[in-house]
Each structure stands twice: as C-alpha cells, then as structure tokens.
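Next comes work_28.csv, a file with CSV, C-alpha atoms.
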chain,number,residue,atom,x,y,z
A,1,MET,CA,148.5,32.5,159.9
A,2,LYS,CA,144.8,32.4,160.0
A,3,LYS,CA,144.7,36.1,161.0
A,4,HIS,CA,146.9,37.0,158.0
A,5,LEU,CA,144.5,35.1,155.7
A,6,PHE,CA,141.5,36.7,157.2
A,7,LEU,CA,143.0,40.1,156.9
A,8,GLY,CA,144.0,39.6,153.2
A,9,SER,CA,140.5,38.3,152.3
A,10,SER,CA,138.9,41.3,154.0
A,11,ILE,CA,141.1,43.8,152.1
A,12,LEU,CA,140.3,42.0,148.8
A,13,THR,CA,136.5,42.1,149.6
A,14,ILE,CA,136.7,45.8,150.5
A,15,GLY,CA,138.6,46.6,147.2
A,16,MET,CA,136.0,44.8,145.1
A,17,LEU,CA,133.2,46.7,146.8
A,18,PHE,CA,134.9,50.0,146.0
A,19,ALA,CA,135.4,48.9,142.4
A,20,ALA,CA,131.8,47.9,142.2
A,21,CYS,CA,130.6,51.2,143.5
A,22,GLY,CA,132.7,53.2,141.1
A,23,SER,CA,131.5,51.5,137.9
A,24,PRO,CA,127.9,52.9,137.8
A,25,ASP,CA,129.2,56.5,138.2
A,26,THR,CA,131.5,56.1,135.3
A,27,ALA,CA,128.8,54.5,133.2
A,28,GLU,CA,126.5,57.3,134.1
A,29,GLU,CA,129.1,59.9,133.1
A,30,ASN,CA,129.8,58.1,129.9
A,31,THR,CA,126.1,57.7,129.0
A,32,GLY,CA,125.3,61.2,130.2
A,33,THR,CA,127.5,63.1,127.7
A,34,ALA,CA,126.0,61.5,124.6
A,35,PRO,CA,122.4,62.9,125.0
A,36,GLU,CA,123.8,66.4,125.6
A,37,GLU,CA,125.9,66.3,122.4
A,38,ALA,CA,122.9,64.9,120.4
A,39,ALA,CA,120.6,67.6,121.8
A,40,GLU,CA,123.1,70.3,120.7
A,41,GLU,CA,123.3,68.8,117.2
A,42,VAL,CA,119.4,68.8,116.9
A,43,VAL,CA,119.3,72.4,118.1
A,44,GLU,CA,121.9,73.4,115.5
A,45,GLU,CA,120.0,71.6,112.7
A,46,GLU,CA,116.7,73.3,113.8
A,47,THR,CA,118.4,76.7,113.9
A,48,ASP,CA,119.8,76.2,110.4
A,49,ASP,CA,116.4,75.1,109.1
A,50,SER,CA,114.8,78.2,110.7
A,51,VAL,CA,117.3,80.5,109.1
A,52,PHE,CA,116.8,78.9,105.7
A,53,ALA,CA,113.0,79.2,106.0
A,54,GLU,CA,113.3,82.8,107.0
A,55,GLU,CA,115.6,83.6,104.1
A,56,ALA,CA,113.2,81.8,101.7
A,57,VAL,CA,110.2,83.8,103.0
A,58,GLU,CA,112.2,87.1,102.7
A,59,ASP,CA,113.1,86.2,99.1
A,60,THR,CA,109.5,85.4,98.3
A,61,GLU,CA,108.3,88.7,99.8
A,62,ASP,CA,111.0,90.7,97.9
A,63,THR,CA,109.9,89.0,94.6
A,64,GLU,CA,106.3,89.8,95.3
A,65,GLU,CA,107.1,93.4,96.1
A,66,GLU,CA,109.2,93.8,92.9
A,67,THR,CA,106.3,92.2,90.9
A,68,ALA,CA,103.8,94.5,92.5
A,69,ALA,CA,106.0,97.5,91.8
A,70,GLY,CA,106.4,96.5,88.2
A,71,GLU,CA,102.7,96.1,87.8
A,72,GLU,CA,102.1,99.6,89.3
A,73,THR,CA,104.5,101.2,86.9
A,74,GLU,CA,102.8,99.7,83.9
A,75,GLU,CA,100.0,102.0,82.9
A,76,PRO,CA,97.3,100.8,80.5
A,77,GLU,CA,96.9,102.6,77.3
A,78,SER,CA,94.2,105.3,77.7
A,79,GLU,CA,91.8,106.6,75.1
A,80,LEU,CA,92.4,110.0,73.5
A,81,ALA,CA,91.2,112.7,75.9
A,82,GLY,CA,89.0,115.2,74.1
A,83,SER,CA,85.5,116.0,72.9
A,84,LEU,CA,83.5,113.6,70.7
A,85,THR,CA,82.4,115.8,67.8
A,86,GLN,CA,80.1,115.0,64.9
A,87,SER,CA,80.7,116.4,61.4
A,88,GLU,CA,78.0,118.7,60.1
A,89,GLU,CA,79.0,118.0,56.5
A,90,GLN,CA,79.9,114.3,56.5
A,91,ASN,CA,78.6,111.1,58.2
A,92,TYR,CA,81.2,110.6,60.9
A,93,GLU,CA,82.3,111.6,64.3
A,94,LEU,CA,85.8,111.9,65.9
A,95,THR,CA,87.5,113.0,69.1
A,96,VAL,CA,88.8,116.5,69.0
A,97,LEU,CA,91.6,117.6,71.4
A,98,ASP,CA,91.5,120.8,73.4
A,99,GLY,CA,93.0,123.6,71.3
A,100,TYR,CA,91.5,122.3,68.0
A,101,GLU,CA,88.2,123.0,66.2
A,102,LEU,CA,86.3,121.2,63.5
A,103,SER,CA,84.4,123.0,60.8
A,104,ALA,CA,83.1,122.4,57.3
A,105,GLU,CA,85.5,123.5,54.6
A,106,GLU,CA,83.3,122.7,51.5
A,107,PRO,CA,80.9,120.0,50.5
A,108,GLY,CA,82.4,116.6,51.3
A,109,LYS,CA,85.4,118.2,53.1
A,110,ASP,CA,86.0,119.2,56.7
A,111,ALA,CA,88.9,121.2,58.2
A,112,LEU,CA,90.2,120.4,61.7
A,113,TYR,CA,92.4,123.3,62.6
A,114,VAL,CA,94.5,124.7,65.5
A,115,SER,CA,92.3,127.2,67.3
A,116,ASP,CA,94.8,130.0,67.3
A,117,ASN,CA,96.3,129.3,63.9
A,118,SER,CA,93.8,128.2,61.2
A,119,ALA,CA,96.6,127.9,58.6
A,120,VAL,CA,97.6,124.7,60.4
A,121,PHE,CA,94.9,122.2,59.7
A,122,MET,CA,93.9,118.7,58.6
A,123,ARG,CA,91.5,118.2,55.7
A,124,ILE,CA,89.2,115.3,56.3
A,125,GLU,CA,87.4,113.4,53.5
A,126,THR,CA,85.4,110.2,54.0
A,127,PHE,CA,84.0,107.8,51.5
A,128,THR,CA,82.0,104.6,51.4
A,129,PRO,CA,83.4,101.6,49.4
A,130,GLU,CA,80.7,102.4,46.8
A,131,GLU,CA,82.0,105.9,46.3
A,132,THR,CA,85.6,105.0,45.8
A,133,ASP,CA,88.2,102.3,46.5
A,134,PHE,CA,91.4,102.4,48.5
A,135,ALA,CA,93.7,102.4,45.5
A,136,SER,CA,92.0,105.4,44.0
A,137,ALA,CA,92.0,107.3,47.3
A,138,GLU,CA,95.7,106.6,47.7
A,139,GLU,CA,96.6,107.8,44.2
A,140,ASN,CA,94.6,111.0,44.6
A,141,MET,CA,96.4,111.6,47.9
A,142,ARG,CA,99.8,111.2,46.2
A,143,GLN,CA,98.7,113.6,43.4
A,144,THR,CA,97.7,116.2,46.0
A,145,LEU,CA,101.1,116.0,47.7
A,146,GLN,CA,102.9,116.3,44.4
A,147,ALA,CA,100.9,119.4,43.6
A,148,VAL,CA,101.9,121.0,46.9
A,149,ASN,CA,105.6,120.6,46.0
A,150,PRO,CA,106.3,119.7,42.3
A,151,ASP,CA,110.0,119.6,43.0
A,152,GLU,CA,109.8,116.8,45.6
A,153,GLN,CA,108.5,113.3,45.4
A,154,PRO,CA,106.3,112.2,48.2
A,155,VAL,CA,108.2,110.1,50.8
A,156,GLU,CA,106.5,107.3,52.7
A,157,VAL,CA,105.9,107.8,56.4
A,158,THR,CA,107.4,104.6,57.7
A,159,ASP,CA,106.5,105.1,61.4
A,160,PHE,CA,102.8,105.5,60.7
A,161,ASP,CA,101.0,102.7,62.7
A,162,GLY,CA,98.1,101.4,60.6
A,163,SER,CA,97.6,98.2,62.6
A,164,ASP,CA,94.0,99.2,63.4
A,165,PHE,CA,93.0,99.4,59.8
A,166,THR,CA,92.3,97.0,57.0
A,167,GLN,CA,94.9,98.8,54.8
A,168,SER,CA,96.6,102.2,55.0
A,169,ALA,CA,99.2,104.4,53.4
A,170,ALA,CA,101.0,107.6,54.5
A,171,TYR,CA,103.3,110.0,52.6
A,172,LYS,CA,104.7,113.4,53.2
A,173,VAL,CA,106.5,116.3,51.3
A,174,PRO,CA,108.2,119.4,52.5
A,175,SER,CA,106.5,122.7,52.1
A,176,ALA,CA,107.5,126.3,52.4
A,177,GLU,CA,105.9,126.4,55.9
A,178,GLY,CA,106.8,122.9,57.1
A,179,THR,CA,105.4,119.5,56.0
A,180,VAL,CA,102.3,118.3,54.3
A,181,THR,CA,101.3,114.8,55.2
A,182,GLY,CA,98.8,112.6,53.3
A,183,ILE,CA,97.1,109.6,54.9
A,184,VAL,CA,94.6,107.1,53.5
A,185,TYR,CA,93.1,104.2,55.5
A,186,GLU,CA,90.2,101.8,55.3
A,187,LYS,CA,88.3,100.2,58.0
A,188,GLU,CA,84.9,98.4,58.0
A,189,ASN,CA,82.7,100.3,55.5
A,190,LEU,CA,84.7,103.5,55.6
A,191,ILE,CA,87.6,105.0,53.6
A,192,VAL,CA,89.3,108.1,55.1
A,193,ARG,CA,91.6,110.5,53.4
A,194,LEU,CA,93.5,113.0,55.5
A,195,THR,CA,95.7,115.8,54.4
A,196,ILE,CA,97.7,117.6,57.1
A,197,PHE,CA,99.2,121.1,56.5
A,198,ASP,CA,101.6,121.7,59.4
A,199,ASP,CA,103.9,124.5,60.2
A,200,SER,CA,107.5,123.9,61.6
A,201,THR,CA,106.8,126.4,64.4
A,202,VAL,CA,103.7,124.5,65.5
A,203,ASN,CA,104.4,120.7,64.9
A,204,ALA,CA,100.8,119.5,65.3
A,205,THR,CA,101.1,116.5,62.9
A,206,GLU,CA,101.1,113.9,65.7
A,207,ASP,CA,97.9,115.4,67.2
A,208,PHE,CA,96.2,115.5,63.9
A,209,ILE,CA,97.1,111.8,63.2
A,210,ALA,CA,95.9,110.8,66.7
A,211,MET,CA,92.5,112.6,66.1
A,212,GLY,CA,92.2,111.3,62.6
A,213,LYS,CA,92.5,107.7,63.8
A,214,THR,CA,89.4,108.2,66.0
A,215,ILE,CA,87.0,108.8,63.0
A,216,GLU,CA,84.0,106.5,63.1
A,217,SER,CA,81.2,106.2,60.6
A,218,LEU,CA,77.7,107.1,62.0
A,219,GLU,CA,74.9,104.7,61.5
A,220,GLN,CA,72.3,105.9,59.0

When written as structure tokens, how does the structure in this file appear?
Amino acid sequence: MKKHLFLGSSILTIGMLFAACGSPDTAEENTGTAPEEAAEEVVEEETDDSVFAEEAVEDTEDTEEETAAGEETEEPESELAGSLTQSEEQNYELTVLDGYELSAEEPGKDALYVSDNSAVFMRIETFTPEETDFASAEENMRQTLQAVNPDEQPVEVTDFDGSDFTQSAAYKVPSAEGTVTGIVYEKENLIVRLTIFDDSTVNATEDFIAMGKTIESLEQ
C-alpha cells in the first residue's frame, strides 16, 4: 500500500515539474510575437511617411520648375530699337527705326519717311502750350483729314494707346493710296501733331506711330 502511494505521489510530482517547465516557453512565445508585429507596424508607418514626404518634395520641385519656366517665357517690354535723332528744324528728338529717315519738310514741319519710298511718310509738328492748345491742334488735325478726302468723315482710331500722354486723339480716313492717320497728343510741356500718309502696299502706320510716341522735347 505504501509503495502505491509513494509511486502515485512521485508521478504527480514529475507531472507538475513538466507543467512548470512548459509554462515559460509558452509565455516567451506569446510575448515574443507582439514586439515583431509592433515593429512591422512601425516600419509600415515610417515607409508611408517617407513616401508622402518624397511626393511632397517632388510636387514642390515641379511647381518651382513650372514657375521658373513661366518667368523665363515672360519677356520684359523693350525700348524701341533705333537711332536717337534730333530734328534740325524743331526742338525735339525721337528714335528712328532702320529703313526710315528724318528730314525738314518746311519751317515748323518735319517729314519722317520710308527710305525707299518717300511718298510714305509722317509729318511731325510740335508746339509748346504757349503756341497752341490741345483742342486747337485736334481740330486742325481733323480739318486736314477732311481735306484729304472730302467724301469721308474722319473715323476715330479706337486702338490707339494714349496711356503715356496727358491727353490724345487719333483719327483716320481712306485715301487713294491707302490710309491717312492724324494723331495729336500732349505730354509735359509739349503738344505733338502727327499726320501719317501710308500706302496699302507698304503698311508703315504702326512703325510711324511707334516712332512718333518717342518724341521728347529738348531742353533749351
């Protein structure tokens, strides 16, 4: 009887020892998987953040490149390329483009004409405010156009840009050769009257207007 009790107690003790030895391994396995999963989540989050940061940098670089490209395509307005020429008859100077020449037409009037076609020209007259006023110069210009073509009323040139002047007016009438344009403008102490005689085969009106806008009074 004692042998059976001793044998039973020995078996029970051995079983408890095996159970005690197995528990730490299980605990280690259970606790060991959690850090690995957490590490994987951290790596995934860091990867997502890195991708987002790289995309943000690329977007910023693309925007900067587009802005730089846009700035390169915008060219500043340049001054009229030509020769600064002084009138021999009147107290002014202006920029004359290549292919045009300035000469005295008569006292108080100059002619700026196309070098190879003197019939296409712009008459230039300048006045001080003491010599005439803007209204009188404009009326005289309209009368000149009316005399060129009595059958047509002068029509206002609506696309003439007079923003650089104190006041301005521009009109035109058709002629046998093309168009005659009259312009009057005032700036500072100068009133300028321009009469452009253009030919439809030449079309130099835009050049004449551009040069006429560069007229500056000379200091006396």

Atom pair atom CA of Phe197 of chain A / atom CA of Asp164 of chain A: separation (Å): 23.5 Å

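Taking all atoms listed in the file into account, Pro154 of chain A lies nearest to A:Val180 out of the set A:Thr166, A:Ser103, A:Val180, A:Asp133.
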
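Note that atom CA of Asp151 of chain A and atom CA of Arg123 of chain A are 22.5 Å apart.
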
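Between atom CA of Glu101 of chain A and atom CA of Phe127 of chain A lies a distance of 21.6 Å.
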
Neighbour list for Asn189 of chain A as an NGL selection string, cut-off 10 Å, all atoms listed in the file, skip fewer than 6 positions in-chain: :A and (127-130 or 216-217)

Nearest to Thr85 of chain A by atom-to-atom distance, counting all atoms listed in the file, from A:Met122, A:Leu218, A:Val114, A:Val202: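 Nearest to Thr85 of chain A: A:Leu218.
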
Neighbours of point (96.8, 123.8, 61.7) within 12 Å, using all atoms listed in the file, written as a PyMOL selection string: chain A and resi 99-102+111-123+177-181+195-208

For Glu125 of chain A, the nearest of the candidates A:Leu80, A:Met211, A:Val96, A:Ile191, counting only C-alpha atoms: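 Comparing A:Leu80, A:Met211, A:Val96, A:Ile191 against Glu125 of chain A, the winner is A:Ile191.
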
Residue nearest Leu194 of chain A - candidates A:Glu219, A:Glu138, A:Glu89, A:Asp98, atoms counted: all atoms listed in the file: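 Checking each of A:Glu219, A:Glu138, A:Glu89, A:Asp98 against Leu194 of chain A, counting all atoms listed in the file, the winner is A:Glu138.
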
Non-local contacts of Ile215 of chain A (7 Å; all atoms listed in the file; under 3 positions in same chain excluded) as a list in words: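 Close residues of Ile215 of chain A: Tyr92, Glu93, Leu94 and Gly212 of chain A.
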